[in-house]
$ cat input13.txt   # compact mmCIF, C-alpha atoms
# COMPACT_ATOMS: atom_id res chain seq x y z
CA MET Q 1309 8.74 27.51 15.33
CA THR Q 1310 8.28 23.97 14.01
CA ALA Q 1311 5.68 21.87 15.82
CA LYS Q 1312 6.98 18.77 17.57
CA ALA Q 1313 6.33 15.51 15.74
CA TYR Q 1314 3.71 13.21 17.19
CA GLU Q 1315 5.31 10.52 19.37
CA PRO Q 1316 2.91 7.65 20.12
CA LYS Q 1317 3.58 5.97 23.44
CA THR Q 1318 1.04 3.15 23.15
CA PRO Q 1319 -0.89 1.52 20.32
CA SER Q 1320 -3.82 3.70 19.31
CA SER Q 1321 -6.35 4.18 16.54
CA GLY Q 1322 -9.04 6.61 15.47
CA LEU Q 1323 -10.26 8.94 12.74
CA ILE Q 1324 -8.50 12.04 11.47
CA SER Q 1325 -9.90 14.49 8.94
CA LEU Q 1326 -7.71 14.84 5.86
CA ARG Q 1327 -8.80 17.14 3.06
CA GLY Q 1328 -12.45 16.85 4.07
CA VAL Q 1329 -12.59 13.05 4.58
CA ASP Q 1330 -12.31 11.19 7.86
CA HIS Q 1331 -9.45 8.71 7.55
CA TYR Q 1332 -8.97 5.76 9.85
CA TYR Q 1333 -5.46 5.45 11.26
CA GLU Q 1334 -3.71 3.03 13.58
CA TRP Q 1335 -0.40 3.30 15.41
CA ILE Q 1336 1.46 0.08 16.14
CA VAL Q 1337 4.18 0.73 18.70
CA THR Q 1338 6.04 -1.43 21.20
CA GLY Q 1339 8.13 -0.60 24.25
CA GLN Q 1340 9.71 2.61 25.40
CA THR Q 1341 12.99 3.95 24.05
CA GLU Q 1342 15.34 6.70 25.21
CA ARG Q 1343 14.95 8.57 21.93
CA PRO Q 1344 12.03 8.79 19.48
CA LYS Q 1345 11.91 5.99 16.92
CA PRO Q 1346 11.60 6.78 13.21
CA VAL Q 1347 8.12 6.41 11.73
CA LEU Q 1348 7.28 3.81 9.08
CA VAL Q 1349 4.04 4.51 7.19
CA PHE Q 1350 2.20 1.66 5.46
CA ILE Q 1351 -0.05 2.14 2.40
CA HIS Q 1352 -2.46 -0.58 1.31
CA GLY Q 1353 -3.57 -1.56 -2.18
CA TRP Q 1354 -6.85 -1.53 -4.11
CA GLY Q 1355 -9.87 -2.87 -2.25
CA GLY Q 1356 -7.92 -3.38 0.97
CA SER Q 1357 -7.13 -1.53 4.16
CA GLY Q 1358 -4.28 -1.11 6.60
CA ARG Q 1359 -5.39 -4.28 8.37
CA TYR Q 1360 -3.34 -6.61 6.21
CA TRP Q 1361 -0.18 -4.70 7.13
CA ARG Q 1362 -0.58 -5.32 10.87
CA SER Q 1363 1.61 -8.43 11.08
CA THR Q 1364 4.43 -6.76 9.13
CA ALA Q 1365 4.19 -3.60 11.21
CA THR Q 1366 4.18 -5.59 14.46
CA ALA Q 1367 7.36 -7.40 13.36
CA LEU Q 1368 9.10 -4.04 12.77
CA ALA Q 1369 7.63 -2.08 15.67
CA SER Q 1370 10.62 -2.57 17.97
CA HIS Q 1371 12.61 -0.29 15.66
CA PHE Q 1372 9.89 1.88 14.10
CA ASP Q 1373 6.68 3.50 15.23
CA CYS Q 1374 4.37 2.12 12.56
CA LEU Q 1375 1.48 4.15 11.16
CA LEU Q 1376 -1.23 2.37 9.16
CA TYR Q 1377 -4.15 4.16 7.53
CA ASP Q 1378 -7.04 3.41 5.21
CA MET Q 1379 -7.09 5.42 2.00
CA ARG Q 1380 -10.05 7.61 1.08
CA GLY Q 1381 -13.05 5.47 0.16
CA PHE Q 1382 -11.53 2.19 1.38
CA GLY Q 1383 -11.68 0.19 4.58
CA ARG Q 1384 -12.74 2.33 7.53
CA SER Q 1385 -12.32 5.64 5.65
CA PRO Q 1386 -15.76 5.93 4.03
CA LEU Q 1387 -16.58 8.86 1.79
CA PRO Q 1388 -19.16 11.39 2.99
CA ASP Q 1389 -22.45 11.67 1.11
CA THR Q 1390 -20.99 14.61 -0.80
CA PRO Q 1391 -17.29 13.82 -1.26
CA PRO Q 1392 -15.03 16.90 -1.37
CA HIS Q 1393 -12.91 15.32 -4.11
CA SER Q 1394 -14.40 14.04 -7.34
CA SER Q 1395 -11.04 12.87 -8.68
CA TYR Q 1396 -9.52 9.50 -7.89
CA GLU Q 1397 -6.20 10.26 -9.52
CA LEU Q 1398 -3.29 8.65 -7.73
CA GLU Q 1399 -1.73 12.07 -7.26
CA GLU Q 1400 -4.78 13.02 -5.15
CA TYR Q 1401 -4.12 10.05 -2.88
CA ALA Q 1402 -0.50 11.19 -2.62
CA GLU Q 1403 -1.77 14.57 -1.43
CA ASP Q 1404 -3.89 12.75 1.18
CA LEU Q 1405 -0.69 11.14 2.45
CA ALA Q 1406 0.99 14.53 2.62
CA ALA Q 1407 -1.95 15.79 4.67
CA LEU Q 1408 -1.64 12.78 7.01
CA LEU Q 1409 2.02 13.52 7.70
CA GLU Q 1410 1.24 17.19 8.25
CA ALA Q 1411 -1.58 16.31 10.66
CA PHE Q 1412 0.85 14.33 12.81
CA ASN Q 1413 3.69 16.85 12.32
CA LEU Q 1414 5.89 14.21 10.71
CA ASP Q 1415 8.65 15.89 8.71
CA ARG Q 1416 10.41 12.74 7.47
CA VAL Q 1417 9.29 9.11 7.41
CA TYR Q 1418 9.91 5.72 5.86
CA LEU Q 1419 7.28 4.18 3.55
CA ASN Q 1420 6.13 0.64 2.78
CA ALA Q 1421 3.42 0.59 0.12
CA HIS Q 1422 1.66 -2.23 -1.71
CA SER Q 1423 0.16 -2.61 -5.19
CA MET Q 1424 -1.98 0.45 -6.04
CA GLY Q 1425 -0.67 2.02 -2.86
CA ALA Q 1426 2.84 1.59 -4.24
CA SER Q 1427 1.85 3.65 -7.29
CA VAL Q 1428 0.54 6.32 -4.93
CA ALA Q 1429 3.87 6.14 -3.10
CA VAL Q 1430 5.85 6.62 -6.32
CA PHE Q 1431 4.00 9.86 -7.01
CA PHE Q 1432 4.49 10.94 -3.39
CA LEU Q 1433 8.23 10.23 -3.55
CA ASN Q 1434 8.60 12.54 -6.52
CA MET Q 1435 6.22 15.21 -5.18
CA TYR Q 1436 7.74 15.26 -1.67
CA PRO Q 1437 11.19 13.60 -1.79
CA GLU Q 1438 12.33 15.58 1.25
CA LYS Q 1439 9.72 13.82 3.40
CA VAL Q 1440 10.96 10.25 2.87
CA GLU Q 1441 14.15 8.60 4.10
CA LYS Q 1442 13.64 5.26 2.32
CA ALA Q 1443 10.74 3.54 0.58
CA ILE Q 1444 9.65 -0.04 -0.03
CA LEU Q 1445 7.35 -0.77 -2.95
CA THR Q 1446 5.78 -4.20 -2.57
CA CYS Q 1447 4.33 -5.53 -5.84
CA SER Q 1448 4.67 -2.59 -8.20
CA GLY Q 1449 5.76 -2.05 -11.77
CA ILE Q 1450 5.03 -0.61 -15.19
CA PHE Q 1451 2.89 -2.02 -17.98
CA GLU Q 1452 2.09 -1.39 -21.62
CA TYR Q 1453 -1.17 -0.01 -22.95
CA ASP Q 1454 -3.53 -2.51 -24.58
CA GLU Q 1455 -6.85 -0.92 -25.51
CA LYS Q 1456 -8.84 -4.14 -25.80
CA ALA Q 1457 -7.37 -5.70 -22.67
CA PHE Q 1458 -7.98 -2.52 -20.67
CA ALA Q 1459 -11.59 -2.29 -21.89
CA ALA Q 1460 -12.18 -5.90 -20.82
CA PHE Q 1461 -10.56 -5.19 -17.46
CA TYR Q 1462 -12.83 -2.19 -16.86
CA LYS Q 1463 -15.92 -4.24 -17.76
CA PHE Q 1464 -14.91 -7.06 -15.43
CA GLY Q 1465 -13.93 -4.59 -12.71
CA ARG Q 1466 -17.29 -2.88 -12.83
CA TYR Q 1467 -19.00 -6.23 -12.53
CA VAL Q 1468 -17.05 -7.36 -9.47
CA VAL Q 1469 -17.42 -3.97 -7.77
CA LYS Q 1470 -21.14 -3.61 -8.49
CA PHE Q 1471 -22.23 -7.06 -7.40
CA ARG Q 1472 -21.01 -7.22 -3.82
CA TYR Q 1473 -23.16 -8.57 -1.02
CA ASN Q 1474 -22.50 -9.06 2.68
CA TRP Q 1475 -23.86 -12.59 2.49
CA PHE Q 1476 -20.63 -13.48 0.65
CA LEU Q 1477 -19.10 -13.66 4.14
CA LYS Q 1478 -21.42 -16.53 5.06
CA ILE Q 1479 -20.50 -18.74 2.11
CA PRO Q 1480 -18.12 -21.55 3.14
CA PHE Q 1481 -14.63 -21.02 1.73
CA ALA Q 1482 -15.65 -17.67 0.15
CA ASP Q 1483 -12.50 -16.06 1.54
CA ARG Q 1484 -10.35 -18.82 0.05
CA LEU Q 1485 -12.02 -18.53 -3.35
CA PHE Q 1486 -11.80 -14.75 -3.34
CA MET Q 1487 -8.08 -14.70 -2.52
CA ALA Q 1488 -7.09 -17.54 -4.86
CA ARG Q 1489 -6.20 -15.13 -7.65
CA PHE Q 1490 -3.92 -13.12 -5.35
CA LEU Q 1491 -1.99 -15.92 -3.67
CA HIS Q 1492 0.43 -18.70 -4.51
CA ARG Q 1493 0.93 -19.85 -0.93
CA ALA Q 1494 -1.75 -20.11 1.73
CA ILE Q 1495 -2.13 -17.37 4.32
CA PRO Q 1496 -4.07 -17.59 7.62
CA LYS Q 1497 -7.87 -17.55 7.35
CA PRO Q 1498 -8.24 -14.32 9.40
CA GLU Q 1499 -6.07 -12.54 6.83
CA ARG Q 1500 -8.20 -13.84 3.95
CA GLN Q 1501 -11.42 -12.99 5.76
CA ALA Q 1502 -10.25 -9.46 6.51
CA PHE Q 1503 -9.44 -8.80 2.87
CA LEU Q 1504 -12.87 -10.04 1.75
CA GLU Q 1505 -14.51 -7.80 4.35
CA ASP Q 1506 -12.51 -4.79 3.15
CA TYR Q 1507 -13.44 -5.52 -0.46
CA LEU Q 1508 -17.11 -5.44 0.52
CA LEU Q 1509 -16.61 -2.16 2.42
CA ALA Q 1510 -14.95 -0.26 -0.43
CA ASN Q 1511 -16.91 2.71 -1.74
CA PHE Q 1512 -18.19 2.04 -5.27
CA ASP Q 1513 -17.00 5.34 -6.74
CA ALA Q 1514 -13.57 5.08 -5.12
CA ALA Q 1515 -13.15 1.45 -6.18
CA MET Q 1516 -14.14 2.13 -9.78
CA GLY Q 1517 -12.35 5.48 -9.93
CA THR Q 1518 -9.05 3.96 -8.88
CA ILE Q 1519 -9.45 1.09 -11.34
CA TYR Q 1520 -9.62 3.66 -14.12
CA THR Q 1521 -6.67 5.69 -12.83
CA SER Q 1522 -4.40 2.79 -11.85
CA VAL Q 1523 -4.83 0.84 -15.07
CA SER Q 1524 -5.02 3.46 -17.79
CA LYS Q 1525 -3.36 4.79 -20.89
CA LYS Q 1526 -2.15 7.73 -18.80
CA ALA Q 1527 -0.55 5.38 -16.27
CA THR Q 1528 1.35 3.53 -18.99
CA GLU Q 1529 2.68 6.86 -20.25
CA VAL Q 1530 3.44 8.49 -16.91
CA MET Q 1531 4.65 5.75 -14.57
CA PRO Q 1532 7.91 4.90 -16.42
CA GLY Q 1533 8.97 8.52 -16.07
CA GLU Q 1534 7.98 8.57 -12.40
CA PHE Q 1535 10.15 5.52 -11.68
CA ALA Q 1536 13.04 7.02 -13.64
CA ARG Q 1537 12.81 10.25 -11.60
CA LEU Q 1538 13.01 8.62 -8.17
CA GLN Q 1539 15.82 9.93 -6.01
CA VAL Q 1540 14.82 8.31 -2.72
CA PRO Q 1541 16.47 4.94 -1.92
CA THR Q 1542 13.81 2.41 -2.82
CA LEU Q 1543 13.40 -1.35 -2.54
CA LEU Q 1544 10.99 -2.94 -5.02
CA VAL Q 1545 9.80 -6.37 -3.86
CA ALA Q 1546 8.04 -8.67 -6.35
CA GLY Q 1547 6.37 -12.05 -6.07
CA GLU Q 1548 7.62 -14.56 -8.62
CA LYS Q 1549 4.12 -15.98 -9.21
CA ASP Q 1550 2.19 -12.70 -9.09
CA ILE Q 1551 -0.40 -12.52 -11.87
CA ILE Q 1552 -1.83 -9.16 -10.76
CA ILE Q 1553 1.45 -7.28 -11.23
CA PRO Q 1554 3.84 -9.84 -12.75
CA ALA Q 1555 7.41 -9.78 -11.54
CA VAL Q 1556 8.69 -8.75 -14.98
CA MET Q 1557 6.84 -5.46 -14.59
CA GLY Q 1558 8.72 -4.82 -11.39
CA GLN Q 1559 12.01 -5.74 -13.03
CA GLU Q 1560 11.35 -3.27 -15.84
CA ALA Q 1561 10.44 -0.50 -13.41
CA ALA Q 1562 13.57 -1.04 -11.30
CA GLY Q 1563 15.70 -1.21 -14.44
CA LEU Q 1564 14.71 2.36 -15.29
CA ASN Q 1565 16.52 3.64 -12.19
CA PRO Q 1566 19.14 1.20 -10.90
CA GLU Q 1567 20.88 3.97 -8.93
CA PHE Q 1568 17.95 4.41 -6.56
CA VAL Q 1569 15.74 1.33 -7.02
CA GLU Q 1570 16.83 -2.12 -5.83
CA TYR Q 1571 14.86 -5.09 -7.14
CA PHE Q 1572 14.17 -8.16 -5.02
CA GLU Q 1573 12.04 -11.11 -6.12
CA ILE Q 1574 10.64 -13.70 -3.71
CA PRO Q 1575 10.19 -17.17 -5.21
CA LYS Q 1576 6.89 -19.04 -4.94
CA THR Q 1577 4.88 -16.04 -3.82
CA ALA Q 1578 2.25 -13.99 -5.61
CA HIS Q 1579 0.60 -10.64 -4.81
CA PHE Q 1580 1.10 -10.72 -1.03
CA PRO Q 1581 4.73 -11.83 -0.51
CA MET Q 1582 4.81 -10.14 2.92
CA LEU Q 1583 2.10 -12.56 4.08
CA GLU Q 1584 3.00 -15.59 1.96
CA ASP Q 1585 6.69 -15.75 2.92
CA THR Q 1586 7.45 -13.59 5.93
CA GLU Q 1587 10.67 -15.56 6.54
CA THR Q 1588 12.12 -14.12 3.32
CA TYR Q 1589 10.33 -10.79 3.19
CA LEU Q 1590 11.10 -9.49 6.67
CA PRO Q 1591 14.90 -10.08 6.69
CA LYS Q 1592 15.23 -8.28 3.36
CA VAL Q 1593 13.14 -5.36 4.56
CA ARG Q 1594 15.07 -5.15 7.83
CA ASP Q 1595 18.36 -5.16 5.96
CA PHE Q 1596 17.17 -2.43 3.61
CA LEU Q 1597 15.93 -0.33 6.52
CA GLY Q 1598 19.26 -0.70 8.29
CA ILE Q 1599 18.16 -2.90 11.19
CA PRO Q 1600 21.17 -4.99 12.27
CA ALA Q 1601 20.54 -8.75 12.21
CA GLU Q 1602 21.58 -9.06 15.86
CA ALA Q 1603 18.92 -6.47 16.82
CA VAL Q 1604 16.04 -8.53 15.43

$ encode --input "input13.txt" --output "structure tokens"
Amino acid sequence: MTAKAYEPKTPSSGLISLRGVDHYYEWIVTGQTERPKPVLVFIHGWGGSGRYWRSTATALASHFDCLLYDMRGFGRSPLPDTPPHSSYELEEYAEDLAALLEAFNLDRVYLNAHSMGASVAVFFLNMYPEKVEKAILTCSGIFEYDEKAFAAFYKFGRYVVKFRYNWFLKIPFADRLFMARFLHRAIPKPERQAFLEDYLLANFDAAMGTIYTSVSKKATEVMPGEFARLQVPTLLVAGEKDIIIPAVMGQEAAGLNPEFVEYFEIPKTAHFPMLEDTETYLPKVRDFLGIPAEAV
């Protein structure tokens, strides 16, 4: 007998053990409906947490029960002193997601994943296609291997991960300076502050480990094939001014699988189009998810 899927009635949050690590989760739900709403799971990117998805989830919560969670080693999902997993391969994070769905008895969901989280989602879509109705990849793509550029990126990444101090939060405009590389348009200060706080919370090993697995020779070889294999209807949203994952990388990824991957580019936005231009992002997402305009 199949266990009944979890049906949240009110917003809630807490910790749930997944593969030996306590993961923070948060349900964003609104109102009561005659029948259970579908579940939309949000996956954050490198150095972040589910917090920056709250505004998007709240905007969609009348039609979906929204589940946010912090990935292993990030946000409010700290690693134990002796982590059960020594690998930070993206496939391992996809298995964490599978464990999350199993823990809540969720057989089939929708996904909205961002940046590194979108790469995790691509692996998950190919590992467990039967578990996903539709997927949104926000700021994702494929890139070419460049040994010297990658080596410089690792060196810089180690520097920015190693030298993190809580007093950064007390420096005037630190949040603005920190987010400048990620944004083209301004976002509210609480959003910037939250991302800086999450960056400071990230576990060193998880932060460095995922730098090496997300931007790697292996990733350049594997990810094109993963995009080409997708058989779940997918919307890939890119920011025109994104310098972290340039829009052309998203175009190339979508072009590998036009049957299942739809490409949508938002002008004058960078790495957080869902926060920089909600007026464009949300209608496109609602349309893709099948929410009638009159129901918004």

$ residues_near_point --input "input13.txt" --point "(4.7, 3.8, -3.1)" --cutoff "8 Å" --atoms "only C-alpha atoms" --output "ChimeraX atom specification"
/Q:1351,1419-1422,1425-1433,1443-1445

$ atom_distance --input "input13.txt" --atom1 "CA of Gly1547 (chain Q)" --atom2 "CA of Tyr1507 (chain Q)"
21.6 Å

$ closest_atom_pairs --input "input13.txt" --of "region 1503-1583 of chain Q" --to "region 1379-1400 of chain Q" --cutoff "10 Å" --atoms "all atoms listed in the file" --output "CSV"
residue,atom,partner,partner_atom,distance
Q:Phe1503,CA,Q:Gly1383,CA,9.4
Q:Glu1505,CA,Q:Gly1383,CA,8.5
Q:Asp1506,CA,Q:Gly1383,CA,5.2
Q:Tyr1507,CA,Q:Gly1383,CA,7.8
Q:Leu1508,CA,Q:Gly1383,CA,8.8
Q:Leu1509,CA,Q:Gly1383,CA,5.9
Q:Ala1510,CA,Q:Phe1382,CA,4.6
Q:Asn1511,CA,Q:Gly1381,CA,5.1
Q:Phe1512,CA,Q:Gly1381,CA,8.2
Q:Asp1513,CA,Q:Gly1381,CA,8.0
Q:Ala1514,CA,Q:Gly1381,CA,5.3
Q:Ala1515,CA,Q:Gly1381,CA,7.5
Q:Met1516,CA,Q:Tyr1396,CA,8.9
Q:Gly1517,CA,Q:Tyr1396,CA,5.3
Q:Thr1518,CA,Q:Tyr1396,CA,5.6
Q:Ile1519,CA,Q:Tyr1396,CA,9.1
Q:Tyr1520,CA,Q:Tyr1396,CA,8.5
Q:Thr1521,CA,Q:Glu1397,CA,5.7
Q:Ser1522,CA,Q:Leu1398,CA,7.2
Q:Ala1527,CA,Q:Leu1398,CA,9.5

$ residues_around --input "input13.txt" --residues "region 1358-1372 of chain Q" --least-positions-apart "5" --cutoff "8 Å" --atoms "only C-alpha atoms" --output "MDAnalysis selection string"
chainID Q and resid 1336:1339 1345:1348 1350:1352 1377:1378 1383 1499 1502:1503 1582 1590 1594 1599

$ residues_around --input "input13.txt" --residues "Gln1501 (chain Q)" --least-positions-apart "3" --cutoff "8 Å" --atoms "all atoms listed in the file" --output "ChimeraX atom specification"
/Q:1477,1483,1497-1498,1504-1505

$ atom_distance --input "input13.txt" --atom1 "CA of Val1530 (chain Q)" --atom2 "CA of Asn1434 (chain Q)"
12.3 Å

$ atom_distance --input "input13.txt" --atom1 "CA of Leu1405 (chain Q)" --atom2 "CA of His1331 (chain Q)"
10.4 Å

$ residues_around --input "input13.txt" --residues "Glu1584 (chain Q)" --least-positions-apart "4" --cutoff "8 Å" --atoms "all atoms listed in the file" --output "list in words"
Leu1491, His1492, Arg1493, Ala1494, Ile1495, Thr1577, Ala1578 and Phe1580 of chain Q

$ closest_residue --input "input13.txt" --among "Q:Pro1496, Q:Gly1533, Q:Gly1598, Q:Cys1374" --to "Asp1585 (chain Q)" --atoms "only C-alpha atoms"
Q:Pro1496

$ closest_residue --input "input13.txt" --among "Q:Val1523, Q:Ala1546, Q:Val1468, Q:Val1329" --to "Phe1451 (chain Q)" --atoms "all atoms listed in the file"
Q:Val1523

$ closest_residue --input "input13.txt" --among "Q:Ser1357, Q:Thr1588, Q:Gln1539, Q:Asn1413" --to "Asn1565 (chain Q)" --atoms "all atoms listed in the file"
Q:Gln1539

$ residues_around --input "input13.txt" --residues "Lys1442 (chain Q)" --least-positions-apart "2" --cutoff "7 Å" --atoms "all atoms listed in the file" --output "PyMOL selection string"
chain Q and resi 1418-1419+1440+1540-1542

$ residues_around --input "input13.txt" --residues "Ile1553 (chain Q)" --least-positions-apart "6" --cutoff "8 Å" --atoms "only C-alpha atoms" --output "list in words"
Ser1423, Cys1447, Ser1448, Gly1449 and His1579 of chain Q
